[in-house]
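Undergrad: Pasting a structure here, questions to come.
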Amino acid sequence: MKNNDILKNFALRAKNKLLGKDTKENLHSKIKIISFKDDAFKEKVEYLLDRDDEIFNPIHFLMDDKVLKSLDSEQRERYLLATIDKYNRFKNEIIMERSC
């Protein structure tokens with residue numbers, strides 16, 4: 001499955017959840033928690049912020065393909081959301097560091 005298809009699938013599932021059409025009740029999915037103390041991830045975020053040209057899929061740039069391919073659909077969705085949250089935290093931290 002291509003990454004664009006994965007993101008479209010996540011968006012469709014999120015829309016269905018909001019509309020109450022989600023039929024899966026598996027609330028106990030296991031996923032590895034992403035640590036927010038990750039220097040390699042922070043370096044990637046700094047790289048993205050320092051680039052002048054556009055990156056068409058920055059979230060995919062931040063995600064680990066091996067981890068993504070090993071997860072089921074719900075775990076992928078959680079991994080995507082955790083990566084976005086982690087990106088936002090590091091982005092805000094970097095902006096605060098640079099403004100001082």
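A note on labels: chains of the structure tokens are A, B, ... as shown, every chain counts residues from 1, and ligands are counted from 1 in their shown order.
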List as a ChimeraX atom specification the protein and nucleic acid residues near region 36-47 of chain A, meaning an atom at most 12 Å away when only C-alpha atoms are counted, but skip any in the same chain fewer than 2 places from it.

TA: /A:33-34,49-55,58-64,82-95,97-98

Undergrad: According to DSSP computed on the backbone, where in chain A is there helix (DSSP H, G or I)? Give the residues as a PyMOL selection string.

TA: chain A and resi 3-18+39-50+58-62+65-70+73-99
